[in-house]
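entry-v1.pdb follows; it contains PDB, C-alpha atoms.
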```pdb
ATOM      1  CA  MET A 100     -15.295 -22.970  -2.011
ATOM      2  CA  ARG A 101     -14.409 -20.512   0.748
ATOM      3  CA  ILE A 102     -10.845 -19.250   1.078
ATOM      4  CA  LEU A 103      -9.398 -17.097   3.862
ATOM      5  CA  ALA A 104      -6.293 -14.904   3.670
ATOM      6  CA  LEU A 105      -4.470 -13.576   6.732
ATOM      7  CA  VAL A 106      -2.667 -10.367   5.756
ATOM      8  CA  PRO A 107      -0.897  -8.588   8.637
ATOM      9  CA  GLY A 108       0.529  -5.144   7.933
ATOM     10  CA  GLY A 109      -0.647  -1.737   6.798
ATOM     11  CA  ILE A 110      -2.491  -0.483   3.737
ATOM     12  CA  GLY A 111       0.633  -0.758   1.585
ATOM     13  CA  ASP A 112       0.974  -4.462   2.389
ATOM     14  CA  GLN A 113      -2.654  -5.041   1.414
ATOM     15  CA  ILE A 114      -2.219  -3.296  -1.943
ATOM     16  CA  LEU A 115       0.877  -5.363  -2.659
ATOM     17  CA  PHE A 116      -1.201  -8.478  -1.884
ATOM     18  CA  PHE A 117      -3.982  -7.535  -4.348
ATOM     19  CA  PRO A 118      -2.336  -9.329  -7.328
ATOM     20  CA  THR A 119      -2.315 -12.547  -5.269
ATOM     21  CA  LEU A 120      -6.000 -12.159  -4.420
ATOM     22  CA  ASP A 121      -6.906 -11.285  -8.022
ATOM     23  CA  ASP A 122      -5.058 -14.282  -9.468
ATOM     24  CA  LEU A 123      -6.610 -16.567  -6.853
ATOM     25  CA  LYS A 124     -10.068 -15.287  -7.753
ATOM     26  CA  GLN A 125      -9.374 -15.743 -11.460
ATOM     27  CA  SER A 126      -8.247 -19.325 -10.835
ATOM     28  CA  TYR A 127     -11.270 -20.072  -8.608
ATOM     29  CA  PRO A 128     -13.979 -17.728  -9.962
ATOM     30  CA  GLU A 129     -16.745 -19.334  -7.902
ATOM     31  CA  ALA A 130     -14.791 -19.100  -4.641
ATOM     32  CA  GLN A 131     -15.597 -16.626  -1.879
ATOM     33  CA  ILE A 132     -12.380 -15.017  -0.660
ATOM     34  CA  ASP A 133     -12.322 -13.293   2.743
ATOM     35  CA  VAL A 134      -9.417 -11.579   4.469
ATOM     36  CA  ILE A 135      -8.388 -10.901   8.048
ATOM     37  CA  VAL A 136      -6.374  -7.691   8.407
ATOM     38  CA  GLU A 137      -5.341  -5.271  11.102
ATOM     39  CA  PRO A 138      -7.965  -2.570  11.786
ATOM     40  CA  ARG A 139      -5.681   0.164  10.378
ATOM     41  CA  ALA A 140      -5.579  -1.613   7.004
ATOM     42  CA  LYS A 141      -9.274  -2.374   6.475
ATOM     43  CA  GLY A 142      -9.782   0.738   4.317
ATOM     44  CA  ALA A 143      -7.572  -0.702   1.563
ATOM     45  CA  TYR A 144     -10.348  -3.078   0.534
ATOM     46  CA  ARG A 145     -12.532  -0.214  -0.644
ATOM     47  CA  VAL A 146     -10.643  -0.573  -3.948
ATOM     48  CA  CYS A 147     -10.219  -4.374  -4.069
ATOM     49  CA  LYS A 148     -12.456  -6.295  -6.468
ATOM     50  CA  SER A 149     -11.686  -9.868  -5.395
ATOM     51  CA  VAL A 150     -12.615  -9.944  -1.694
ATOM     52  CA  LYS A 151     -16.071 -10.662  -0.314
ATOM     53  CA  GLU A 152     -15.664  -9.905   3.405
ATOM     54  CA  VAL A 153     -13.032  -8.086   5.455
ATOM     55  CA  LEU A 154     -12.549  -9.174   9.063
ATOM     56  CA  THR A 155     -10.200  -7.448  11.490
ATOM     57  CA  TYR A 156      -7.798  -8.677  14.148
ATOM     58  CA  ASN A 157      -4.823  -6.890  15.683
ATOM     59  CA  PHE A 158      -2.145  -9.517  15.087
ATOM     60  CA  LYS A 159       0.599  -7.643  16.952
ATOM     61  CA  ASP A 160      -1.335  -6.757  20.097
ATOM     62  CA  ARG A 161      -1.134  -8.845  23.233
ATOM     63  CA  ASN A 162      -4.607 -10.176  22.654
ATOM     64  CA  ALA A 163      -6.507 -11.838  25.482
ATOM     65  CA  MET A 164      -7.521 -15.476  25.147
ATOM     66  CA  ALA A 165     -11.104 -14.255  24.761
ATOM     67  CA  ASP A 166     -10.098 -12.256  21.661
ATOM     68  CA  LEU A 167      -8.416 -15.288  20.144
ATOM     69  CA  GLY A 168     -11.416 -17.441  21.027
ATOM     70  CA  ASN A 169     -13.788 -14.998  19.357
ATOM     71  CA  LEU A 170     -11.681 -14.942  16.194
ATOM     72  CA  LEU A 171     -11.480 -18.724  16.060
ATOM     73  CA  GLY A 172     -15.240 -18.921  16.467
ATOM     74  CA  VAL A 173     -15.796 -16.513  13.574
ATOM     75  CA  ILE A 174     -13.413 -18.474  11.339
ATOM     76  CA  ARG A 175     -14.843 -21.881  12.203
ATOM     77  CA  ASP A 176     -18.408 -20.711  11.620
ATOM     78  CA  ARG A 177     -17.533 -19.883   8.008
ATOM     79  CA  GLU A 178     -16.114 -23.368   7.285
ATOM     80  CA  TYR A 179     -13.211 -22.312   5.093
ATOM     81  CA  GLU A 180     -11.590 -24.976   2.951
ATOM     82  CA  ALA A 181      -8.238 -23.207   2.573
ATOM     83  CA  VAL A 182      -6.283 -20.423   4.246
ATOM     84  CA  VAL A 183      -3.229 -18.545   2.970
ATOM     85  CA  SER A 184      -1.150 -16.424   5.310
ATOM     86  CA  LEU A 185       1.552 -13.786   5.020
ATOM     87  CA  GLY A 186       2.206 -14.016   8.749
ATOM     88  CA  GLN A 187       5.525 -15.629   9.687
ATOM     89  CA  ARG A 188       5.240 -15.638  13.485
ATOM     90  CA  TRP A 189       4.639 -18.931  15.251
ATOM     91  CA  THR A 190       1.507 -17.490  16.853
ATOM     92  CA  VAL A 191      -0.029 -16.969  13.400
ATOM     93  CA  GLY A 192       0.857 -20.547  12.444
ATOM     94  CA  LEU A 193      -0.717 -21.825  15.649
ATOM     95  CA  LEU A 194      -3.832 -19.789  14.916
ATOM     96  CA  LEU A 195      -4.089 -21.411  11.488
ATOM     97  CA  TRP A 196      -3.766 -24.872  13.000
ATOM     98  CA  LEU A 197      -6.407 -24.162  15.641
ATOM     99  CA  THR A 198      -8.903 -23.087  12.983
ATOM    100  CA  GLY A 199      -9.087 -26.648  11.686
ATOM    101  CA  ILE A 200      -9.001 -25.422   8.065
ATOM    102  CA  PRO A 201      -7.898 -28.430   5.950
ATOM    103  CA  GLN A 202      -5.429 -26.611   3.657
ATOM    104  CA  ARG A 203      -3.068 -24.139   5.319
ATOM    105  CA  ILE A 204      -0.579 -22.316   3.083
ATOM    106  CA  GLY A 205       2.287 -20.115   4.189
ATOM    107  CA  TYR A 206       6.047 -19.678   3.953
ATOM    108  CA  SER A 207       8.570 -22.394   4.734
ATOM    109  CA  GLY A 208      11.545 -21.668   6.954
ATOM    110  CA  THR A 209       9.470 -19.522   9.335
ATOM    111  CA  ASN A 210       8.510 -20.062  12.944
ATOM    112  CA  GLY A 211       4.952 -20.969  12.015
ATOM    113  CA  ALA A 212       5.817 -23.383   9.179
ATOM    114  CA  ARG A 213       5.297 -26.485  11.369
ATOM    115  CA  PHE A 214       1.561 -25.765  11.450
ATOM    116  CA  LEU A 215       1.148 -25.628   7.645
ATOM    117  CA  THR A 216       0.002 -28.272   5.188
ATOM    118  CA  ASP A 217       1.652 -26.506   2.227
ATOM    119  CA  ALA A 218       4.857 -24.512   2.782
ATOM    120  CA  VAL A 219       6.167 -22.261  -0.007
ATOM    121  CA  PRO A 220       9.791 -21.029  -0.162
ATOM    122  CA  LEU A 221      10.189 -17.464   1.065
ATOM    123  CA  LYS A 222      12.148 -15.506  -1.546
ATOM    124  CA  THR A 223      12.721 -12.025  -0.162
ATOM    125  CA  ASP A 224      15.091 -10.810  -2.874
ATOM    126  CA  GLN A 225      12.346  -9.677  -5.284
ATOM    127  CA  TYR A 226       9.471  -7.223  -5.660
ATOM    128  CA  ALA A 227       7.209  -7.701  -2.634
ATOM    129  CA  ALA A 228       4.065  -8.295  -4.720
ATOM    130  CA  SER A 229       5.867 -11.172  -6.469
ATOM    131  CA  MET A 230       7.035 -12.554  -3.128
ATOM    132  CA  TYR A 231       3.448 -12.581  -1.873
ATOM    133  CA  HIS A 232       2.216 -14.096  -5.148
ATOM    134  CA  ASP A 233       4.571 -17.058  -4.623
ATOM    135  CA  LEU A 234       2.117 -18.282  -1.975
ATOM    136  CA  LEU A 235      -0.245 -19.367  -4.751
ATOM    137  CA  GLN A 236       2.142 -22.228  -5.450
ATOM    138  CA  GLY A 237       0.407 -23.872  -2.504
ATOM    139  CA  PHE A 238      -2.729 -23.973  -4.685
ATOM    140  CA  ASN A 239      -0.639 -25.295  -7.606
ATOM    141  CA  ILE A 240      -1.018 -21.918  -9.346
ATOM    142  CA  HIS A 241       2.170 -20.960 -11.166
ATOM    143  CA  ASN A 242       1.103 -17.909 -13.203
ATOM    144  CA  PRO A 243       3.374 -14.838 -13.416
ATOM    145  CA  CYS A 244       2.487 -12.185 -10.852
ATOM    146  CA  PRO A 245       0.005  -9.754 -12.448
ATOM    147  CA  ALA A 246       0.297  -6.000 -12.072
ATOM    148  CA  ILE A 247      -1.438  -4.332  -9.147
ATOM    149  CA  ALA A 248      -4.996  -3.422 -10.138
ATOM    150  CA  ILE A 249      -7.666  -1.607  -8.155
ATOM    151  CA  ASN A 250     -11.343  -0.812  -8.598
ATOM    152  CA  VAL A 251     -12.055   2.811  -7.622
ATOM    153  CA  PRO A 252     -15.734   3.420  -6.772
ATOM    154  CA  LYS A 253     -17.550   5.799  -9.106
ATOM    155  CA  GLN A 254     -18.459   8.158  -6.270
ATOM    156  CA  ASP A 255     -14.763   8.508  -5.355
ATOM    157  CA  ILE A 256     -13.891   9.456  -8.944
ATOM    158  CA  GLN A 257     -16.711  12.015  -8.903
ATOM    159  CA  TRP A 258     -15.410  13.433  -5.599
ATOM    160  CA  ALA A 259     -11.912  13.834  -7.048
ATOM    161  CA  GLU A 260     -13.279  15.533 -10.167
ATOM    162  CA  ALA A 261     -15.315  17.950  -8.033
ATOM    163  CA  GLU A 262     -12.223  18.765  -5.961
ATOM    164  CA  GLN A 263     -10.192  19.421  -9.105
ATOM    165  CA  GLN A 264     -12.941  21.770 -10.275
ATOM    166  CA  ARG A 265     -12.968  23.530  -6.887
ATOM    167  CA  LEU A 266      -9.192  23.986  -6.925
ATOM    168  CA  GLY A 267      -9.178  25.165 -10.532
ATOM    169  CA  ILE A 268      -6.891  22.371 -11.720
ATOM    170  CA  LYS A 269      -9.251  20.194 -13.748
ATOM    171  CA  ASP A 270      -8.063  21.476 -17.122
ATOM    172  CA  SER A 271      -4.441  22.255 -16.262
ATOM    173  CA  GLY A 272      -3.427  18.985 -14.646
ATOM    174  CA  TYR A 273      -1.201  19.013 -11.570
ATOM    175  CA  ILE A 274       1.835  17.655  -9.762
ATOM    176  CA  LEU A 275       0.803  15.784  -6.622
ATOM    177  CA  ILE A 276       2.999  15.521  -3.522
ATOM    178  CA  HIS A 277       2.463  13.148  -0.620
ATOM    179  CA  GLY A 278       4.801  13.742   2.315
ATOM    180  CA  GLY A 279       4.232  10.364   3.939
ATOM    181  CA  SER A 280       4.294  11.521   7.558
ATOM    182  CA  SER A 281       3.359   8.122   9.009
ATOM    183  CA  GLN A 282       3.255   8.151  12.778
ATOM    184  CA  LEU A 283       3.625   4.368  12.799
ATOM    185  CA  ALA A 284       6.895   4.609  10.869
ATOM    186  CA  ILE A 285       8.089   7.357  13.216
ATOM    187  CA  SER A 286       7.204   5.270  16.279
ATOM    188  CA  LYS A 287       9.220   2.350  14.870
ATOM    189  CA  GLY A 288      12.196   4.598  14.165
ATOM    190  CA  ILE A 289      11.852   4.168  10.395
ATOM    191  CA  ASP A 290      13.085   7.237   8.528
ATOM    192  CA  LYS A 291      10.435   7.952   5.876
ATOM    193  CA  ILE A 292      10.100  11.719   6.276
ATOM    194  CA  TYR A 293      11.684  13.980   3.671
ATOM    195  CA  PRO A 294      12.614  17.417   5.106
ATOM    196  CA  ILE A 295      10.204  20.268   4.412
ATOM    197  CA  ASP A 296      13.007  22.593   3.297
ATOM    198  CA  ASN A 297      13.924  20.072   0.607
ATOM    199  CA  TRP A 298      10.323  19.848  -0.571
ATOM    200  CA  LYS A 299      10.295  23.656  -0.683
ATOM    201  CA  GLN A 300      13.226  23.717  -3.130
ATOM    202  CA  ILE A 301      11.566  21.110  -5.339
ATOM    203  CA  ILE A 302       8.222  22.921  -5.362
ATOM    204  CA  GLU A 303       9.748  26.315  -6.136
ATOM    205  CA  ASP A 304      11.703  24.848  -9.043
ATOM    206  CA  CYS A 305       8.555  23.186 -10.437
ATOM    207  CA  GLN A 306       6.600  26.422 -10.110
ATOM    208  CA  GLN A 307       9.332  28.390 -11.835
ATOM    209  CA  ARG A 308       9.717  25.979 -14.748
ATOM    210  CA  GLN A 309       6.030  25.116 -15.143
ATOM    211  CA  PRO A 310       4.055  28.079 -13.756
ATOM    212  CA  ASN A 311       0.832  26.805 -15.334
ATOM    213  CA  LEU A 312       1.082  23.360 -13.746
ATOM    214  CA  PRO A 313      -0.176  23.623 -10.139
ATOM    215  CA  VAL A 314       1.435  21.750  -7.268
ATOM    216  CA  VAL A 315      -1.053  19.991  -4.989
ATOM    217  CA  VAL A 316      -0.193  18.500  -1.598
ATOM    218  CA  VAL A 317      -2.199  15.680  -0.003
ATOM    219  CA  LYS A 318      -3.316  16.492   3.532
ATOM    220  CA  GLY A 319      -4.326  13.609   5.775
ATOM    221  CA  PRO A 320      -4.850  13.267   9.539
ATOM    222  CA  GLU A 321      -1.151  12.505  10.097
ATOM    223  CA  ASP A 322       0.072  15.177   7.685
ATOM    224  CA  GLU A 323      -1.570  18.323   9.061
ATOM    225  CA  ALA A 324       1.523  19.813  10.697
ATOM    226  CA  PHE A 325       3.682  18.938   7.680
ATOM    227  CA  VAL A 326       1.213  20.469   5.212
ATOM    228  CA  LYS A 327       0.627  23.584   7.309
ATOM    229  CA  LYS A 328       4.354  24.323   7.416
ATOM    230  CA  LEU A 329       4.756  23.592   3.699
ATOM    231  CA  VAL A 330       1.922  25.972   2.779
ATOM    232  CA  GLU A 331       3.534  28.682   4.899
ATOM    233  CA  LEU A 332       6.784  28.232   2.961
ATOM    234  CA  CYS A 333       5.102  27.795  -0.442
ATOM    235  CA  PRO A 334       1.852  29.790  -0.334
ATOM    236  CA  LYS A 335       0.958  29.011  -3.960
ATOM    237  CA  VAL A 336       0.556  25.265  -3.382
ATOM    238  CA  LYS A 337      -2.948  23.842  -3.196
ATOM    239  CA  THR A 338      -4.086  21.156  -0.757
ATOM    240  CA  ILE A 339      -6.523  18.281  -1.064
ATOM    241  CA  SER A 340      -7.873  16.037   1.711
ATOM    242  CA  PRO A 341      -9.196  12.667   0.500
ATOM    243  CA  ASP A 342     -10.659  10.818   3.488
ATOM    244  CA  ASP A 343     -10.407   7.262   2.182
ATOM    245  CA  VAL A 344      -8.281   5.108  -0.092
ATOM    246  CA  GLY A 345     -10.702   5.363  -3.016
ATOM    247  CA  LYS A 346     -10.693   9.155  -3.094
ATOM    248  CA  LEU A 347      -6.916   9.208  -2.707
ATOM    249  CA  ALA A 348      -6.522   6.756  -5.594
ATOM    250  CA  ALA A 349      -8.786   8.875  -7.805
ATOM    251  CA  THR A 350      -6.767  11.985  -6.898
ATOM    252  CA  ILE A 351      -3.504  10.235  -7.771
ATOM    253  CA  ALA A 352      -4.916   8.861 -11.034
ATOM    254  CA  ALA A 353      -5.709  12.352 -12.309
ATOM    255  CA  ALA A 354      -2.231  13.754 -11.552
ATOM    256  CA  ASN A 355       0.416  14.305 -14.220
ATOM    257  CA  LEU A 356       3.135  13.311 -11.762
ATOM    258  CA  MET A 357       3.238  11.949  -8.225
ATOM    259  CA  MET A 358       6.154  12.663  -5.896
ATOM    260  CA  CYS A 359       6.144  10.821  -2.604
ATOM    261  CA  THR A 360       8.095   8.845  -0.068
ATOM    262  CA  ASP A 361       7.935   5.072   0.309
ATOM    263  CA  SER A 362       4.315   4.770   1.465
ATOM    264  CA  ALA A 363       0.873   3.304   0.745
ATOM    265  CA  PRO A 364       0.025   6.134  -1.727
ATOM    266  CA  MET A 365       3.090   5.082  -3.740
ATOM    267  CA  HIS A 366       1.507   1.656  -4.267
ATOM    268  CA  LEU A 367      -1.765   3.313  -5.291
ATOM    269  CA  ALA A 368       0.162   5.358  -7.857
ATOM    270  CA  VAL A 369       1.580   2.124  -9.255
ATOM    271  CA  ALA A 370      -1.919   0.644  -9.434
ATOM    272  CA  VAL A 371      -3.349   3.601 -11.380
ATOM    273  CA  GLN A 372      -0.197   3.914 -13.536
ATOM    274  CA  THR A 373       0.568   7.539 -12.675
ATOM    275  CA  TYR A 374       4.151   8.644 -13.327
ATOM    276  CA  THR A 375       5.789   8.422  -9.910
ATOM    277  CA  ILE A 376       9.052   9.529  -8.322
ATOM    278  CA  ALA A 377       9.411   7.916  -4.901
ATOM    279  CA  LEU A 378      12.056   8.630  -2.269
ATOM    280  CA  PHE A 379      13.559   5.803  -0.214
ATOM    281  CA  GLY A 380      15.593   6.009   2.985
ATOM    282  CA  PRO A 381      16.352   2.654   4.633
ATOM    283  CA  THR A 382      14.079   0.614   2.336
ATOM    284  CA  ASP A 383      14.941  -0.894  -1.059
ATOM    285  CA  PRO A 384      13.186   0.446  -4.206
ATOM    286  CA  ALA A 385      13.774  -2.846  -6.051
ATOM    287  CA  LYS A 386      11.573  -4.643  -3.527
ATOM    288  CA  LEU A 387       8.823  -2.026  -3.357
ATOM    289  CA  LEU A 388       8.487  -0.736  -6.924
ATOM    290  CA  PRO A 389       7.890  -2.798 -10.065
ATOM    291  CA  GLN A 390      10.217  -2.480 -13.007
ATOM    292  CA  GLY A 391       9.109   0.071 -15.578
ATOM    293  CA  ASP A 392       9.792   3.588 -16.781
ATOM    294  CA  ARG A 393       6.683   5.057 -15.096
ATOM    295  CA  PHE A 394       8.001   4.472 -11.572
ATOM    296  CA  LEU A 395      11.361   5.844 -10.449
ATOM    297  CA  GLY A 396      12.824   5.177  -7.031
ATOM    298  CA  ILE A 397      15.536   7.412  -5.588
ATOM    299  CA  LYS A 398      17.504   5.665  -2.863
ATOM    300  CA  SER A 399      19.370   7.653  -0.224
ATOM    301  CA  PRO A 400      23.115   6.971  -0.371
ATOM    302  CA  THR A 401      23.207   6.830   3.433
ATOM    303  CA  GLY A 402      19.801   5.347   4.245
ATOM    304  CA  LYS A 403      18.664   8.740   5.573
ATOM    305  CA  MET A 404      15.928  10.547   3.652
ATOM    306  CA  ALA A 405      17.476  13.946   4.319
ATOM    307  CA  ASP A 406      20.547  12.928   2.319
ATOM    308  CA  ILE A 407      18.593  12.787  -0.946
ATOM    309  CA  SER A 408      19.326  16.175  -2.494
ATOM    310  CA  PRO A 409      16.515  18.220  -4.067
ATOM    311  CA  GLN A 410      18.737  18.543  -7.154
ATOM    312  CA  GLU A 411      18.740  14.758  -7.596
ATOM    313  CA  VAL A 412      14.944  14.668  -7.384
ATOM    314  CA  LEU A 413      14.595  17.532  -9.870
ATOM    315  CA  LYS A 414      16.960  15.800 -12.259
ATOM    316  CA  LYS A 415      14.475  12.905 -12.360
ATOM    317  CA  VAL A 416      11.508  15.258 -12.720
ATOM    318  CA  TRP A 417      12.951  17.060 -15.742
ATOM    319  CA  GLY A 418      14.786  14.097 -17.211
ATOM    320  CA  GLY A 419      18.189  15.700 -16.823
TER     321      GLY A 419
END
```

Turn the structure described in the file into C-alpha cells.
Amino acid sequence: MRILALVPGGIGDQILFFPTLDDLKQSYPEAQIDVIVEPRAKGAYRVCKSVKEVLTYNFKDRNAMADLGNLLGVIRDREYEAVVSLGQRWTVGLLLWLTGIPQRIGYSGTNGARFLTDAVPLKTDQYAASMYHDLLQGFNIHNPCPAIAINVPKQDIQWAEAEQQRLGIKDSGYILIHGGSSQLAISKGIDKIYPIDNWKQIIEDCQQRQPNLPVVVVKGPEDEAFVKKLVELCPKVKTISPDDVGKLAATIAAANLMMCTDSAPMHLAVAVQTYTIALFGPTDPAKLLPQGDRFLGIKSPTGKMADISPQEVLKKVWGG
C-alpha cells in the first residue's frame, strides 16, 4: 500500500504532524508513506522515522500550470491508494481530486471538502498535533494521539557532543536559548521576537544565580544579527550553529533547560523531552504545547512579546 500526505506549512507544522505519520505507519506497517511539503520544510524529515520519500511543492506560490502538471505526473506515477491532507484551500482539494487517488482524506467544512471521499471534522480548539491526528479517523484509526517522537541520526548526536566538548560545556550542562527570529513570521506581521534587552536581563540573572551553568545561544542564518547583538550585551554567553534539524535536536536534547519563543525548535524540545519555557505573543500555548510539567508556556497579556516581563520568565525558571 502506498499512502501520500500533503503537509503545507513550515518545519513546526511537520513536527506536529509526526505523531499522525507514526500512528499511520504503526497501523499499516507494510505501507510506504510519502509526503509533499513546501521546500522550506523538507529538512524536518531528517528526524522522521515513518516517511519513505519527501517531495516538494510550494503550495502558496502562484504556480504555473506546468508546475501543477509536473506534480500531478509525479503523483500519478506512484499509484497511491490513499492521500491525507492538512491543506484546507479549495486548490489543494482540487489537486487531490485530479490525482485520481481512490481515497482522499481531509477536513470537513473547508473549501476543499467537496473533493474528498472521507471528510473528518476540524476541531481547532485542541493541541495542534491532536487536531492533525484526527485525520486518521478517515482510515478508521481511533487511537489516542501519541507523543511527538523523532529519530536523530547518530552523526548529528556526535556533532552535538563534539560541539559541547569544544565549548567546554559537556560536563557542566547548559541553558539553551533560541531567539526565534523567523523572517517569515516578520514578513507576515506575526510578533514572535522577544526583545534583546529582555533576554539580557534573563541571561544575567541566570549567570548570577548559576555561574557554573553556561548559557548557550543558537545561531542560525536568520538569527545572526540577533545573536551578534546579544553577545555584545552578554559577552560570557556561548554560541552554537547547528546547520540542520538533526543537529539542532541533538543540541536541545543535551540541554538542562530550553528557553525559546513559539517556534520549530520548541516542538523539537517537546520531542526530546527537554525542560522548556516558551514565550507566546499572539499564539495560544494550549494549542501548541502538550500538557505536562516539562513544558511551560508564558502567554503575553497583550499579545505582544515585549509585554512578557523578564521577571515573569525568571519566576518560571527558578520555580518562584

Next item on the list: Determine the nearest neighbour of Cys305 in chain A from the options A:Lys269, A:Lys327, A:Lys398, A:Lys414, counting only C-alpha atoms.
Entry: A:Lys414

Please enclose the listed atoms of range 374-387 of chain A in an axis-aligned box, pad each side by 3 Å, and write out the centre and the three edge lengths in Å, rounded to one decimal, as AutoDock Vina command-line options.
```
--center_x 10.3 --center_y 2.4 --center_z -4.3 --size_x 18.2 --size_y 20.2 --size_z 24.0
```

Item checked: Expansion of the PyMOL selection byres ((chain A and resi 361) around 9) into residues, as a list of chain:residue names -> A:Gly279, A:Lys291, A:Cys359, A:Thr360, A:Ser362, A:Ala363, A:Pro364, A:Met365, A:His366, A:Ala377, A:Leu378, A:Phe379, A:Gly380, A:Thr382, A:Pro384, A:Leu387, A:Gly396

Next item on the list: Write out as number ranges by chain the residues lying within 9 Å of range 216-220 of chain A, counting only C-alpha atoms and excluding same-chain residues fewer than 6 positions away.
Entry: A: 201-208, 233-238

Check: How many Å separate CA of Asp255 in chain A from CA of Lys318 in chain A?
Finding: 16.5 Å

Notebook entry, point to check: Written as a ChimeraX atom specification, what is the full residue list that the PyMOL selection byres ((chain A and resi 270) around 12) yields on the file shown?
Noted result: /A:260,263-269,271-273,311-313,353-355

Check: Exactly which residues make up the result of the PyMOL selection byres ((chain A and resi 155) around 9) on this file, given as a ChimeraX atom specification?
Finding: /A:134-141,153-154,156-157,170

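Proximity to Pro118 in chain A was assessed for A:His232, A:Glu262, A:Leu105, A:Thr190 counting only C-alpha atoms; the smallest distance is recorded for A:His232.
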
Gln300 in chain A environment, 9 Å, all atoms listed in the file, sequence neighbours closer than 5 positions dropped, as a PDB file with C-alpha atoms, keeping the file's coordinate frame:
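Heads up, here's the output in result33.pdb:
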```pdb
ATOM      1  CA  ILE A 295      10.204  20.268   4.412  1.00  0.00           C
ATOM      2  CA  CYS A 305       8.555  23.186 -10.437  1.00  0.00           C
ATOM      3  CA  PRO A 409      16.515  18.220  -4.067  1.00  0.00           C
ATOM      4  CA  GLN A 410      18.737  18.543  -7.154  1.00  0.00           C
TER       5      GLN A 410
END
```

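CA of Ser408 in chain A sits 10.1 Å away from CA of Tyr293 in chain A.
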
Item checked: For range 335-337 of chain A: contacts at 9 Å, all atoms listed in the file, fewer than 5 positions along chain excluded, given as a list in words -> Leu266, Ile302, Gln306, Pro313, Val314, Val315, Val316, Val317, Leu329 and Val330 of chain A

Margin query: As an exercise, work out the distance from CA of Trp189 in chain A to CA of Pro107 in chain A in Å and give it to one decimal place.
Written below: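 Spanning CA of Trp189 in chain A to CA of Pro107 in chain A is a straight-line distance of 13.5 Å.
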
Next item on the list: Skip Ile200 in chain A itself and residues of its chain fewer than 6 positions away, then list as a VMD selection string all residues within 10 Å of it, counting all atoms listed in the file.
Entry: chain A and resid 102 to 103 174 to 175 178 to 182 216

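Closest approach to Gly402 in chain A from the set A:Ile114, A:Leu195, A:Ile292, A:Ala212 is made by A:Ile292, with distances taken over all atoms listed in the file.
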